[in-house]
$ cat final23.csv   # CSV, C-alpha atoms
chain,number,residue,atom,x,y,z
A,1,MET,CA,-15.3,-21.1,-62.5
A,2,SER,CA,-14.9,-22.1,-66.2
A,3,GLU,CA,-17.6,-23.0,-68.7
A,4,GLY,CA,-19.2,-26.3,-67.7
A,5,GLN,CA,-17.3,-26.7,-64.5
A,6,PRO,CA,-19.2,-26.4,-61.3
A,7,THR,CA,-17.6,-24.6,-58.4
A,8,GLY,CA,-16.4,-26.4,-55.3
A,9,ALA,CA,-14.0,-29.2,-54.8
A,10,PRO,CA,-13.2,-31.3,-57.8
A,11,PRO,CA,-14.2,-34.9,-57.8
A,12,THR,CA,-11.6,-37.2,-56.3
A,13,GLY,CA,-9.0,-38.3,-58.8
A,14,GLU,CA,-9.5,-35.4,-61.2
A,15,ARG,CA,-6.9,-32.6,-61.5
A,16,PRO,CA,-8.3,-29.4,-60.2
A,17,ARG,CA,-9.2,-27.1,-63.1
A,18,VAL,CA,-8.1,-23.5,-63.1
A,19,ASN,CA,-11.0,-21.3,-62.2
A,20,VAL,CA,-10.5,-18.7,-65.0
A,21,SER,CA,-13.4,-16.5,-63.9
A,22,ARG,CA,-12.0,-16.2,-60.4
A,23,TRP,CA,-8.6,-15.2,-61.7
A,24,VAL,CA,-10.0,-12.7,-64.2
A,25,GLY,CA,-12.1,-11.2,-61.3
A,26,ARG,CA,-9.0,-11.0,-59.2
A,27,ALA,CA,-7.1,-9.4,-62.0
A,28,ILE,CA,-9.7,-6.6,-62.3
A,29,LEU,CA,-9.7,-6.0,-58.6
A,30,LEU,CA,-5.9,-5.9,-58.6
A,31,ALA,CA,-5.9,-3.5,-61.5
A,32,LEU,CA,-8.2,-1.2,-59.6
A,33,PHE,CA,-5.9,-1.3,-56.6
A,34,VAL,CA,-2.8,-0.8,-58.8
A,35,ILE,CA,-4.3,2.3,-60.4
A,36,PHE,CA,-5.2,3.6,-57.0
A,37,ALA,CA,-1.7,3.0,-55.7
A,38,LEU,CA,-0.2,4.7,-58.8
A,39,ARG,CA,-2.3,7.8,-58.3
A,40,VAL,CA,-1.3,8.0,-54.7
A,41,TRP,CA,2.3,7.6,-55.7
A,42,SER,CA,2.1,10.3,-58.4
A,43,LEU,CA,0.3,12.7,-56.0
A,44,ARG,CA,3.0,12.3,-53.3
A,45,GLY,CA,4.5,15.5,-52.2
A,46,GLN,CA,2.5,17.6,-54.6
A,47,GLY,CA,0.7,19.3,-51.8
A,48,LEU,CA,-2.7,18.9,-53.5
A,49,LEU,CA,-4.5,19.1,-50.2
A,50,HIS,CA,-3.7,22.8,-50.5
A,51,PRO,CA,-5.7,24.3,-53.3
A,52,ALA,CA,-4.0,26.1,-56.1
A,53,THR,CA,-5.6,29.3,-55.0
A,54,PRO,CA,-5.2,29.5,-51.2
A,55,ARG,CA,-6.4,32.8,-49.7
A,56,GLY,CA,-3.5,35.2,-49.3
A,57,SER,CA,-1.1,33.4,-51.6
A,58,LEU,CA,0.6,35.2,-54.5
A,59,ALA,CA,-1.7,34.9,-57.5
A,60,PRO,CA,-0.1,33.0,-60.4
A,61,ASP,CA,0.9,35.4,-63.2
A,62,VAL,CA,-1.1,35.0,-66.3
A,63,ALA,CA,-0.9,36.6,-69.7
A,64,GLY,CA,-2.6,36.4,-73.0
A,65,PRO,CA,-4.0,38.3,-76.0
A,66,LEU,CA,-7.0,40.5,-75.5
A,67,LEU,CA,-10.0,40.3,-77.7
A,68,VAL,CA,-9.7,44.0,-78.4
A,69,GLY,CA,-6.4,45.6,-77.9
A,70,ASP,CA,-2.9,44.2,-77.2
A,71,ARG,CA,-2.1,41.8,-74.4
A,72,PHE,CA,-3.0,41.4,-70.8
A,73,ARG,CA,-0.5,40.5,-68.1
A,74,LEU,CA,-1.7,40.2,-64.5
A,75,SER,CA,1.7,41.1,-63.0
A,76,ALA,CA,1.4,44.5,-64.7
A,77,GLU,CA,-1.8,45.2,-62.7
A,78,ARG,CA,-0.2,45.5,-59.3
A,79,GLY,CA,-1.4,48.4,-57.3
A,80,HIS,CA,-5.1,47.8,-57.8
A,81,PRO,CA,-7.4,44.8,-57.3
A,82,VAL,CA,-8.2,42.6,-60.3
A,83,ALA,CA,-11.2,40.3,-60.7
A,84,LEU,CA,-10.5,37.4,-63.2
A,85,VAL,CA,-13.8,36.0,-64.4
A,86,PHE,CA,-13.2,32.6,-66.1
A,87,TRP,CA,-15.9,31.8,-68.6
A,88,ALA,CA,-16.5,30.3,-72.1
A,89,PRO,CA,-18.9,31.2,-74.9
A,90,TRP,CA,-20.6,27.8,-74.8
A,91,CYS,CA,-21.3,28.0,-71.1
A,92,GLY,CA,-24.9,28.9,-70.3
A,93,PRO,CA,-24.4,30.0,-66.7
A,94,CYS,CA,-21.5,32.2,-67.9
A,95,ARG,CA,-23.6,33.9,-70.5
A,96,ALA,CA,-26.2,34.5,-67.8
A,97,GLU,CA,-23.6,36.0,-65.5
A,98,LEU,CA,-21.6,38.1,-67.9
A,99,PRO,CA,-24.1,41.0,-68.5
A,100,GLY,CA,-24.0,41.6,-64.7
A,101,VAL,CA,-20.2,41.4,-64.8
A,102,GLU,CA,-20.2,43.9,-67.6
A,103,ARG,CA,-22.2,46.4,-65.5
A,104,VAL,CA,-19.8,45.9,-62.6
A,105,ALA,CA,-16.9,46.5,-64.9
A,106,GLN,CA,-18.5,49.8,-66.1
A,107,ALA,CA,-19.3,50.9,-62.5
A,108,LEU,CA,-15.7,50.3,-61.5
A,109,LYS,CA,-14.5,52.8,-64.0
A,110,ALA,CA,-15.9,55.6,-61.8
A,111,SER,CA,-14.1,57.0,-58.8
A,112,PRO,CA,-13.4,56.0,-56.0
A,113,HIS,CA,-13.1,52.5,-57.5
A,114,THR,CA,-9.7,51.2,-58.5
A,115,ALA,CA,-10.4,47.6,-59.3
A,116,ARG,CA,-10.5,46.1,-62.8
A,117,VAL,CA,-12.5,43.2,-64.2
A,118,ILE,CA,-11.0,40.9,-66.8
A,119,ALA,CA,-13.0,38.1,-68.4
A,120,VAL,CA,-10.8,35.1,-69.2
A,121,ASP,CA,-12.2,33.1,-72.1
A,122,THR,CA,-11.1,29.6,-71.3
A,123,GLU,CA,-12.0,28.4,-74.8
A,124,GLY,CA,-9.6,30.8,-76.4
A,125,ASP,CA,-11.3,30.9,-79.8
A,126,ARG,CA,-11.3,34.5,-81.0
A,127,ASP,CA,-14.3,34.1,-83.4
A,128,ASN,CA,-16.5,32.5,-80.8
A,129,ALA,CA,-15.5,35.1,-78.2
A,130,LEU,CA,-16.3,38.0,-80.6
A,131,GLU,CA,-19.7,36.5,-81.4
A,132,ALA,CA,-20.5,36.0,-77.7
A,133,ALA,CA,-19.2,39.5,-76.8
A,134,ALA,CA,-21.4,41.0,-79.5
A,135,LYS,CA,-24.5,39.1,-78.4
A,136,LEU,CA,-24.0,39.9,-74.8
A,137,GLY,CA,-22.9,43.5,-75.3
A,138,LEU,CA,-19.6,43.0,-73.6
A,139,THR,CA,-17.1,45.8,-73.7
A,140,LEU,CA,-14.9,44.7,-70.7
A,141,PRO,CA,-11.4,43.4,-71.5
A,142,ILE,CA,-11.6,39.7,-72.6
A,143,MET,CA,-8.4,37.7,-72.4
A,144,LEU,CA,-8.1,34.7,-74.7
A,145,ASP,CA,-6.7,31.8,-72.6
A,146,ASP,CA,-4.6,29.1,-74.3
A,147,GLY,CA,-5.2,26.9,-71.3
A,148,ARG,CA,-2.4,28.1,-69.2
A,149,ALA,CA,-4.4,30.5,-67.1
A,150,SER,CA,-7.1,28.0,-66.4
A,151,SER,CA,-4.5,25.4,-65.5
A,152,ALA,CA,-2.6,27.9,-63.2
A,153,TYR,CA,-5.8,28.5,-61.3
A,154,GLN,CA,-7.0,24.9,-61.6
A,155,VAL,CA,-10.3,26.0,-63.0
A,156,THR,CA,-12.4,22.8,-63.1
A,157,MET,CA,-15.7,24.5,-63.6
A,158,ILE,CA,-16.9,27.8,-65.0
A,159,PRO,CA,-18.0,30.5,-64.3
A,160,GLN,CA,-15.4,31.1,-61.6
A,161,THR,CA,-14.1,34.4,-60.3
A,162,VAL,CA,-10.8,35.0,-58.6
A,163,ILE,CA,-10.4,38.4,-57.0
A,164,ILE,CA,-6.8,39.5,-56.5
A,165,ASP,CA,-5.8,42.3,-54.2
A,166,ARG,CA,-3.6,45.3,-54.9
A,167,ASP,CA,-0.5,43.4,-53.7
A,168,GLY,CA,-1.2,40.6,-56.2
A,169,ARG,CA,-2.5,38.1,-53.6
A,170,ILE,CA,-5.6,36.0,-53.9
A,171,ALA,CA,-8.3,37.6,-51.8
A,172,GLN,CA,-11.6,35.9,-52.9
A,173,LEU,CA,-12.8,33.0,-54.9
A,174,LEU,CA,-16.4,32.9,-56.2
A,175,ARG,CA,-17.5,29.6,-57.8
A,176,GLY,CA,-20.5,29.3,-60.0
A,177,GLY,CA,-22.7,32.1,-61.2
A,178,THR,CA,-22.4,35.2,-59.1
A,179,SER,CA,-24.9,38.0,-59.0
A,180,GLU,CA,-24.0,41.6,-59.9
A,181,ASP,CA,-24.5,42.7,-56.3
A,182,ALA,CA,-22.4,39.8,-54.8
A,183,LEU,CA,-19.6,40.5,-57.2
A,184,MET,CA,-19.6,44.2,-56.5
A,185,ARG,CA,-19.6,43.6,-52.7
A,186,ALA,CA,-16.7,41.1,-53.0
A,187,ILE,CA,-14.7,43.6,-55.1
A,188,GLU,CA,-15.4,46.5,-52.8
A,189,LYS,CA,-14.4,44.4,-49.8
A,190,VAL,CA,-11.0,43.8,-51.5
A,191,GLU,CA,-10.7,47.5,-52.5
A,192,ASN,CA,-11.4,48.6,-48.9
A,193,PRO,CA,-10.0,45.8,-46.6
B,1,MET,CA,-20.2,-17.5,-56.4
B,2,LYS,CA,-17.8,-15.2,-54.7
B,3,LEU,CA,-17.1,-11.6,-55.7
B,4,ASP,CA,-14.1,-12.2,-57.9
B,5,GLU,CA,-16.0,-15.1,-59.6
B,6,ARG,CA,-19.0,-12.9,-60.3
B,7,ILE,CA,-16.9,-10.1,-61.7
B,8,GLY,CA,-14.5,-12.3,-63.7
B,9,GLY,CA,-17.2,-14.7,-64.9
B,10,VAL,CA,-18.8,-11.9,-66.9
B,11,LEU,CA,-15.6,-11.7,-69.0
B,12,ALA,CA,-14.5,-15.3,-69.0
B,13,ALA,CA,-17.7,-17.2,-69.1
B,14,PRO,CA,-20.6,-14.7,-69.7
B,15,GLY,CA,-23.3,-17.2,-70.6
B,16,ARG,CA,-22.9,-19.4,-67.6
B,17,THR,CA,-22.3,-16.5,-65.3
B,18,PHE,CA,-25.4,-14.5,-66.4
B,19,ALA,CA,-27.5,-17.6,-66.0
B,20,ARG,CA,-26.5,-17.9,-62.4
B,21,LEU,CA,-26.7,-14.1,-61.8
B,22,GLY,CA,-30.2,-14.0,-63.3
B,23,ALA,CA,-31.2,-16.9,-61.1
B,24,GLY,CA,-30.5,-14.7,-58.0
B,25,GLU,CA,-26.8,-14.8,-57.4
B,26,ALA,CA,-26.2,-11.2,-58.5
B,27,ARG,CA,-25.1,-8.7,-55.8
B,28,PRO,CA,-25.9,-5.1,-56.8
B,29,SER,CA,-23.3,-3.9,-54.2
B,30,ASP,CA,-20.5,-5.5,-56.3
B,31,ILE,CA,-21.0,-3.0,-59.1
B,32,ALA,CA,-21.7,-0.1,-56.7
B,33,TRP,CA,-18.4,-0.7,-55.0
B,34,LEU,CA,-16.6,-1.0,-58.3
B,35,ILE,CA,-18.0,2.3,-59.5
B,36,VAL,CA,-17.0,4.0,-56.2
B,37,PHE,CA,-13.6,2.5,-56.3
B,38,ARG,CA,-13.1,3.5,-60.0
B,39,LEU,CA,-14.2,7.0,-59.1
B,40,VAL,CA,-11.8,7.2,-56.2
B,41,SER,CA,-8.9,5.8,-58.1
B,42,GLY,CA,-9.5,7.8,-61.2
B,43,GLU,CA,-10.3,11.1,-59.6
B,44,LEU,CA,-8.0,11.0,-56.6
B,45,ASP,CA,-6.3,14.3,-57.4
B,46,ARG,CA,-9.7,16.0,-57.6
B,47,PHE,CA,-10.8,14.5,-54.3
B,48,ALA,CA,-7.6,15.8,-52.7
B,49,ARG,CA,-8.2,19.2,-54.3
B,50,ALA,CA,-11.8,19.2,-53.0
B,51,ILE,CA,-10.6,18.6,-49.5
B,52,GLY,CA,-8.1,21.5,-49.8
B,53,THR,CA,-10.9,23.7,-51.2
B,54,ALA,CA,-13.2,22.8,-48.4
B,55,ARG,CA,-10.6,23.8,-45.9
B,56,GLU,CA,-9.7,27.0,-47.6
B,57,TRP,CA,-12.9,28.3,-49.2
B,58,GLY,CA,-15.7,26.4,-47.4
B,59,ILE,CA,-18.0,23.5,-48.0
B,60,GLY,CA,-19.9,25.2,-50.8
B,61,ALA,CA,-16.9,25.5,-53.0
B,62,ALA,CA,-15.9,22.0,-52.3
B,63,ALA,CA,-19.4,20.7,-53.0
B,64,GLN,CA,-19.2,22.1,-56.5
B,65,GLU,CA,-15.8,20.3,-56.9
B,66,MET,CA,-17.5,17.1,-55.8
B,67,LEU,CA,-20.3,17.6,-58.3
B,68,VAL,CA,-17.7,17.9,-61.1
B,69,ILE,CA,-16.1,14.6,-59.8
B,70,ALA,CA,-19.5,12.8,-59.7
B,71,THR,CA,-20.2,13.7,-63.3
B,72,ALA,CA,-17.2,11.5,-64.3
B,73,VAL,CA,-19.3,8.4,-63.6
B,74,LEU,CA,-22.7,9.8,-64.5
B,75,PRO,CA,-22.6,8.3,-68.1
B,76,ASP,CA,-21.7,4.9,-66.6
B,77,VAL,CA,-24.6,5.0,-64.2
B,78,VAL,CA,-27.1,6.2,-66.8
B,79,ALA,CA,-25.9,3.5,-69.2
B,80,ILE,CA,-26.4,0.8,-66.5
B,81,LEU,CA,-29.9,2.1,-65.7
B,82,ALA,CA,-30.9,2.2,-69.4
B,83,ALA,CA,-29.5,-1.3,-69.9
B,84,GLY,CA,-31.4,-2.5,-66.8
B,85,MET,CA,-34.7,-1.0,-68.1
B,86,LEU,CA,-34.3,-2.6,-71.5
B,87,LEU,CA,-33.4,-5.9,-69.9
B,88,GLN,CA,-36.4,-5.8,-67.7
B,89,LEU,CA,-38.6,-4.9,-70.6
B,90,PHE,CA,-37.5,-7.9,-72.7
B,91,SER,CA,-37.0,-10.5,-70.0
B,92,ARG,CA,-39.4,-9.6,-67.2
B,93,SER,CA,-36.8,-10.7,-64.7
B,94,LYS,CA,-36.8,-9.2,-61.3
B,95,HIS,CA,-33.0,-9.3,-61.3
B,96,ALA,CA,-32.8,-7.4,-64.6
B,97,PHE,CA,-31.1,-4.3,-63.1
B,98,ASP,CA,-28.7,-6.3,-61.0
B,99,VAL,CA,-27.7,-8.4,-64.1
B,100,ALA,CA,-27.4,-5.3,-66.3
B,101,ALA,CA,-24.9,-3.7,-63.9
B,102,TYR,CA,-22.6,-6.7,-64.5
B,103,ALA,CA,-22.7,-6.0,-68.2
B,104,TRP,CA,-20.7,-2.8,-67.3
B,105,VAL,CA,-17.7,-4.9,-66.2
B,106,PRO,CA,-16.2,-5.3,-69.7
B,107,TYR,CA,-16.3,-1.5,-70.1
B,108,LEU,CA,-14.5,-1.1,-66.8
B,109,ALA,CA,-12.0,-3.8,-67.8
B,110,VAL,CA,-11.1,-1.9,-71.0
B,111,GLN,CA,-10.8,1.4,-69.1
B,112,LEU,CA,-8.5,-0.3,-66.5
B,113,ALA,CA,-6.4,-1.9,-69.2
B,114,GLY,CA,-6.0,1.4,-70.9
B,115,ALA,CA,-5.2,3.3,-67.7
B,116,LEU,CA,-2.5,0.7,-66.8
B,117,LEU,CA,-1.1,0.7,-70.4
B,118,PHE,CA,-0.8,4.5,-70.5
B,119,SER,CA,0.6,4.6,-67.0
B,120,ALA,CA,3.3,2.2,-68.1
B,121,LEU,CA,4.0,4.3,-71.2
B,122,ARG,CA,4.1,7.4,-69.0
B,123,HIS,CA,1.8,9.6,-71.1
B,124,SER,CA,-1.8,10.4,-71.4
B,125,PRO,CA,-4.0,8.8,-74.0
B,126,GLY,CA,-4.6,11.0,-77.0
B,127,PRO,CA,-8.2,11.7,-78.3
B,128,HIS,CA,-8.0,8.8,-80.8
B,129,ALA,CA,-6.9,6.3,-78.2
B,130,GLN,CA,-9.6,7.5,-75.8
B,131,THR,CA,-12.2,7.1,-78.6
B,132,ALA,CA,-10.9,3.6,-79.4
B,133,MET,CA,-11.0,2.6,-75.7
B,134,GLN,CA,-14.6,4.0,-75.4
B,135,ALA,CA,-15.7,2.2,-78.5
B,136,LEU,CA,-14.1,-1.1,-77.5
B,137,GLY,CA,-15.5,-0.9,-74.0
B,138,VAL,CA,-19.0,-0.1,-75.2
B,139,ALA,CA,-19.0,-2.8,-77.9
B,140,TRP,CA,-17.8,-5.5,-75.5
B,141,ALA,CA,-20.4,-4.4,-72.9
B,142,LEU,CA,-23.1,-4.4,-75.5
B,143,GLY,CA,-22.1,-7.9,-76.6
B,144,VAL,CA,-22.2,-9.1,-73.0
B,145,TRP,CA,-25.5,-7.4,-72.4
B,146,ILE,CA,-27.0,-9.3,-75.3
B,147,VAL,CA,-25.7,-12.6,-73.8
B,148,ALA,CA,-27.3,-11.6,-70.5
B,149,LEU,CA,-30.6,-10.9,-72.3
B,150,VAL,CA,-30.5,-14.3,-74.0
B,151,GLU,CA,-29.7,-16.1,-70.7
B,152,LEU,CA,-32.5,-14.3,-68.8
B,153,ARG,CA,-35.0,-15.1,-71.4
B,154,ARG,CA,-33.9,-18.7,-71.4
B,155,LEU,CA,-34.3,-19.0,-67.6
B,156,PRO,CA,-37.6,-20.6,-66.4
B,157,ALA,CA,-40.1,-18.1,-65.1
B,158,GLU,CA,-39.9,-19.4,-61.5
B,159,ALA,CA,-36.1,-18.7,-61.5
B,160,THR,CA,-36.4,-15.0,-62.4
B,161,SER,CA,-39.5,-13.9,-60.6
$ encode --input "final23.csv" --output "structure tokens"
Amino acid sequence: MSEGQPTGAPPTGERPRVNVSRWVGRAILLALFVIFALRVWSLRGQGLLHPATPRGSLAPDVAGPLLVGDRFRLSAERGHPVALVFWAPWCGPCRAELPGVERVAQALKASPHTARVIAVDTEGDRDNALEAAAKLGLTLPIMLDDGRASSAYQVTMIPQTVIIDRDGRIAQLLRGGTSEDALMRAIEKVENP
Amino acid sequence: MKLDERIGGVLAAPGRTFARLGAGEARPSDIAWLIVFRLVSGELDRFARAIGTAREWGIGAAAQEMLVIATAVLPDVVAILAAGMLLQLFSRSKHAFDVAAYAWVPYLAVQLAGALLFSALRHSPGPHAQTAMQALGVAWALGVWIVALVELRRLPAEATS
């Protein structure tokens, strides 16, 4: 259909006009299909149907500066479970969850617990992290992530907690805000399999 | 009008197309399908990951992944609804929401062109390019929406109610 040209067969003797609207519409539908095909092509063989954090798989090693102290490296924590709590200072549910996480971290310092909790700040801004930690009264180790840890664990939403067992394998994944009790139970389950 | 003509007409001949859409030739399912298809093609890797997550960690974890995916088209849906409300307010047409949905097509066209261009260039668009694409898409959609409003107001009352 073009401006001023009715649809349907052209009058006898006239050259058929190009239906611009129809071709533009077809181009859009074709573009959608091409993008779909390109995505399928780019995803071939990537094994995306398997999540980045399958249960029992070796946890990707992550490292980064701590808010207070030197550096954290996950591979140096072998021998005891580690809970990585991904969060950001701007995230409301994270701020609601973190005081409970802090209490769990404190409780884990006592015997017979061996696990350790690390809060991974996905924003990675030291000033914002310091301000949030002060407001929330956090003393647990906070690692500043430059994006590599979040990417390694394919963190698409926060808060998210990944619990890694003493052998460095992924044991539990907790998505969304987790209560203090639920987090403690999950950690204890990994400490005492 | 067929599907391709309804979609393409919004870009190639908006005045004439909106006059016909406003008179009752609009098909809301056109845009619903386009949105779904855009979501699937644009977020395919996340869909794949959600399936993997469901298998490994259960439906609850996958549902959260799906929610994140759904938010990718939330601004588009909200914009279409807002455009429809305003169109209905100013034109009193019973097809206002159907017609407003077609005003989203230019935005889609810009996003598709950008996606194809950057796929060909083999790199992701930077923040400036993304902003430029958003601005161009919104401006074009807004222009087309104004054309739709003019055409709906021009239609005789019996054609729109």
$ interface_residues --input "final23.csv" --of "chain B" --to "chain A" --cutoff "8 Å" --atoms "all atoms listed in the file" --output "mmCIF file with C-alpha atoms, in the frame of the given file"
data_model
loop_
_atom_site.group_PDB
_atom_site.id
_atom_site.type_symbol
_atom_site.label_atom_id
_atom_site.label_comp_id
_atom_site.auth_asym_id
_atom_site.auth_seq_id
_atom_site.Cartn_x
_atom_site.Cartn_y
_atom_site.Cartn_z
ATOM 1 C CA MET B 1 -20.200 -17.500 -56.400
ATOM 2 C CA LEU B 3 -17.100 -11.600 -55.700
ATOM 3 C CA ASP B 4 -14.100 -12.200 -57.900
ATOM 4 C CA GLU B 5 -16.000 -15.100 -59.600
ATOM 5 C CA ARG B 6 -19.000 -12.900 -60.300
ATOM 6 C CA ILE B 7 -16.900 -10.100 -61.700
ATOM 7 C CA GLY B 8 -14.500 -12.300 -63.700
ATOM 8 C CA GLY B 9 -17.200 -14.700 -64.900
ATOM 9 C CA VAL B 10 -18.800 -11.900 -66.900
ATOM 10 C CA LEU B 11 -15.600 -11.700 -69.000
ATOM 11 C CA ALA B 12 -14.500 -15.300 -69.000
ATOM 12 C CA ALA B 13 -17.700 -17.200 -69.100
ATOM 13 C CA ARG B 16 -22.900 -19.400 -67.600
ATOM 14 C CA PHE B 37 -13.600 2.500 -56.300
ATOM 15 C CA ARG B 38 -13.100 3.500 -60.000
ATOM 16 C CA VAL B 40 -11.800 7.200 -56.200
ATOM 17 C CA SER B 41 -8.900 5.800 -58.100
ATOM 18 C CA GLY B 42 -9.500 7.800 -61.200
ATOM 19 C CA LEU B 44 -8.000 11.000 -56.600
ATOM 20 C CA ASP B 45 -6.300 14.300 -57.400
ATOM 21 C CA ALA B 48 -7.600 15.800 -52.700
ATOM 22 C CA ARG B 49 -8.200 19.200 -54.300
ATOM 23 C CA ALA B 50 -11.800 19.200 -53.000
ATOM 24 C CA ILE B 51 -10.600 18.600 -49.500
ATOM 25 C CA GLY B 52 -8.100 21.500 -49.800
ATOM 26 C CA THR B 53 -10.900 23.700 -51.200
ATOM 27 C CA GLU B 56 -9.700 27.000 -47.600
ATOM 28 C CA TRP B 57 -12.900 28.300 -49.200
ATOM 29 C CA ALA B 61 -16.900 25.500 -53.000
ATOM 30 C CA GLN B 64 -19.200 22.100 -56.500
ATOM 31 C CA GLU B 65 -15.800 20.300 -56.900
ATOM 32 C CA VAL B 68 -17.700 17.900 -61.100
ATOM 33 C CA ALA B 109 -12.000 -3.800 -67.800
ATOM 34 C CA LEU B 112 -8.500 -0.300 -66.500
ATOM 35 C CA ALA B 113 -6.400 -1.900 -69.200
ATOM 36 C CA ALA B 115 -5.200 3.300 -67.700
ATOM 37 C CA LEU B 116 -2.500 0.700 -66.800
#
$ residues_around --input "final23.csv" --residues "B:Val147" --least-positions-apart "4" --cutoff "12 Å" --atoms "all atoms listed in the file" --output "JSON, numbers by chain"
{"B": [10, 11, 13, 14, 15, 16, 17, 18, 19, 22, 87, 99, 100, 102, 103, 140, 141, 142, 143, 151, 152, 153, 154]}
$ residues_near_point --input "final23.csv" --point "(-16.6, 35.9, -78.3)" --cutoff "12 Å" --atoms "only C-alpha atoms" --output "ChimeraX atom specification"
/A:66-68,87-91,95,98,119-144
$ write_last_selection --input "final23.csv" --atoms "C-alpha atoms" --output "PDB file, keeping the file's coordinate frame"
ATOM      1  CA  LEU A  66      -7.000  40.500 -75.500  1.00  0.00           C
ATOM      2  CA  LEU A  67     -10.000  40.300 -77.700  1.00  0.00           C
ATOM      3  CA  VAL A  68      -9.700  44.000 -78.400  1.00  0.00           C
ATOM      4  CA  TRP A  87     -15.900  31.800 -68.600  1.00  0.00           C
ATOM      5  CA  ALA A  88     -16.500  30.300 -72.100  1.00  0.00           C
ATOM      6  CA  PRO A  89     -18.900  31.200 -74.900  1.00  0.00           C
ATOM      7  CA  TRP A  90     -20.600  27.800 -74.800  1.00  0.00           C
ATOM      8  CA  CYS A  91     -21.300  28.000 -71.100  1.00  0.00           C
ATOM      9  CA  ARG A  95     -23.600  33.900 -70.500  1.00  0.00           C
ATOM     10  CA  LEU A  98     -21.600  38.100 -67.900  1.00  0.00           C
ATOM     11  CA  ALA A 119     -13.000  38.100 -68.400  1.00  0.00           C
ATOM     12  CA  VAL A 120     -10.800  35.100 -69.200  1.00  0.00           C
ATOM     13  CA  ASP A 121     -12.200  33.100 -72.100  1.00  0.00           C
ATOM     14  CA  THR A 122     -11.100  29.600 -71.300  1.00  0.00           C
ATOM     15  CA  GLU A 123     -12.000  28.400 -74.800  1.00  0.00           C
ATOM     16  CA  GLY A 124      -9.600  30.800 -76.400  1.00  0.00           C
ATOM     17  CA  ASP A 125     -11.300  30.900 -79.800  1.00  0.00           C
ATOM     18  CA  ARG A 126     -11.300  34.500 -81.000  1.00  0.00           C
ATOM     19  CA  ASP A 127     -14.300  34.100 -83.400  1.00  0.00           C
ATOM     20  CA  ASN A 128     -16.500  32.500 -80.800  1.00  0.00           C
ATOM     21  CA  ALA A 129     -15.500  35.100 -78.200  1.00  0.00           C
ATOM     22  CA  LEU A 130     -16.300  38.000 -80.600  1.00  0.00           C
ATOM     23  CA  GLU A 131     -19.700  36.500 -81.400  1.00  0.00           C
ATOM     24  CA  ALA A 132     -20.500  36.000 -77.700  1.00  0.00           C
ATOM     25  CA  ALA A 133     -19.200  39.500 -76.800  1.00  0.00           C
ATOM     26  CA  ALA A 134     -21.400  41.000 -79.500  1.00  0.00           C
ATOM     27  CA  LYS A 135     -24.500  39.100 -78.400  1.00  0.00           C
ATOM     28  CA  LEU A 136     -24.000  39.900 -74.800  1.00  0.00           C
ATOM     29  CA  GLY A 137     -22.900  43.500 -75.300  1.00  0.00           C
ATOM     30  CA  LEU A 138     -19.600  43.000 -73.600  1.00  0.00           C
ATOM     31  CA  THR A 139     -17.100  45.800 -73.700  1.00  0.00           C
ATOM     32  CA  LEU A 140     -14.900  44.700 -70.700  1.00  0.00           C
ATOM     33  CA  PRO A 141     -11.400  43.400 -71.500  1.00  0.00           C
ATOM     34  CA  ILE A 142     -11.600  39.700 -72.600  1.00  0.00           C
ATOM     35  CA  MET A 143      -8.400  37.700 -72.400  1.00  0.00           C
ATOM     36  CA  LEU A 144      -8.100  34.700 -74.700  1.00  0.00           C
TER      37      LEU A 144
END
$ residues_around --input "final23.csv" --residues "A:Gly56" --least-positions-apart "4" --cutoff "7 Å" --atoms "all atoms listed in the file" --output "PyMOL selection string"
chain A and resi 169-171
$ closest_residue --input "final23.csv" --among "A:Tyr153, A:Phe72, A:Phe86, A:Trp41" --to "A:Val101" --atoms "only C-alpha atoms"
A:Phe86
$ atom_distance --input "final23.csv" --atom1 "atom CA of A:Arg78" --atom2 "atom CA of A:Met184"
19.6 Å
$ atom_distance --input "final23.csv" --atom1 "atom CA of A:Leu84" --atom2 "atom CA of A:Pro112"
20.2 Å
$ residues_near_point --input "final23.csv" --point "(-19.7, 0.5, -75.9)" --cutoff "12 Å" --atoms "only C-alpha atoms" --output "PyMOL selection string"
chain B and resi 75-76+79-80+83+103-111+131-145
$ atom_distance --input "final23.csv" --atom1 "atom CA of B:Ala72" --atom2 "atom CA of B:Ile35"
10.4 Å
$ closest_residue --input "final23.csv" --among "B:Val78, B:Phe47, B:Met66, B:Phe97" --to "B:Ser29" --atoms "all atoms listed in the file"
B:Phe97
$ residues_around --input "final23.csv" --residues "A:Asn192" --least-positions-apart "2" --cutoff "10 Å" --atoms "only C-alpha atoms" --output "PDB file with C-alpha atoms, keeping the file's coordinate frame"
ATOM      1  CA  HIS A 113     -13.100  52.500 -57.500  1.00  0.00           C
ATOM      2  CA  ASP A 165      -5.800  42.300 -54.200  1.00  0.00           C
ATOM      3  CA  ILE A 187     -14.700  43.600 -55.100  1.00  0.00           C
ATOM      4  CA  GLU A 188     -15.400  46.500 -52.800  1.00  0.00           C
ATOM      5  CA  LYS A 189     -14.400  44.400 -49.800  1.00  0.00           C
ATOM      6  CA  VAL A 190     -11.000  43.800 -51.500  1.00  0.00           C
TER       7      VAL A 190
END
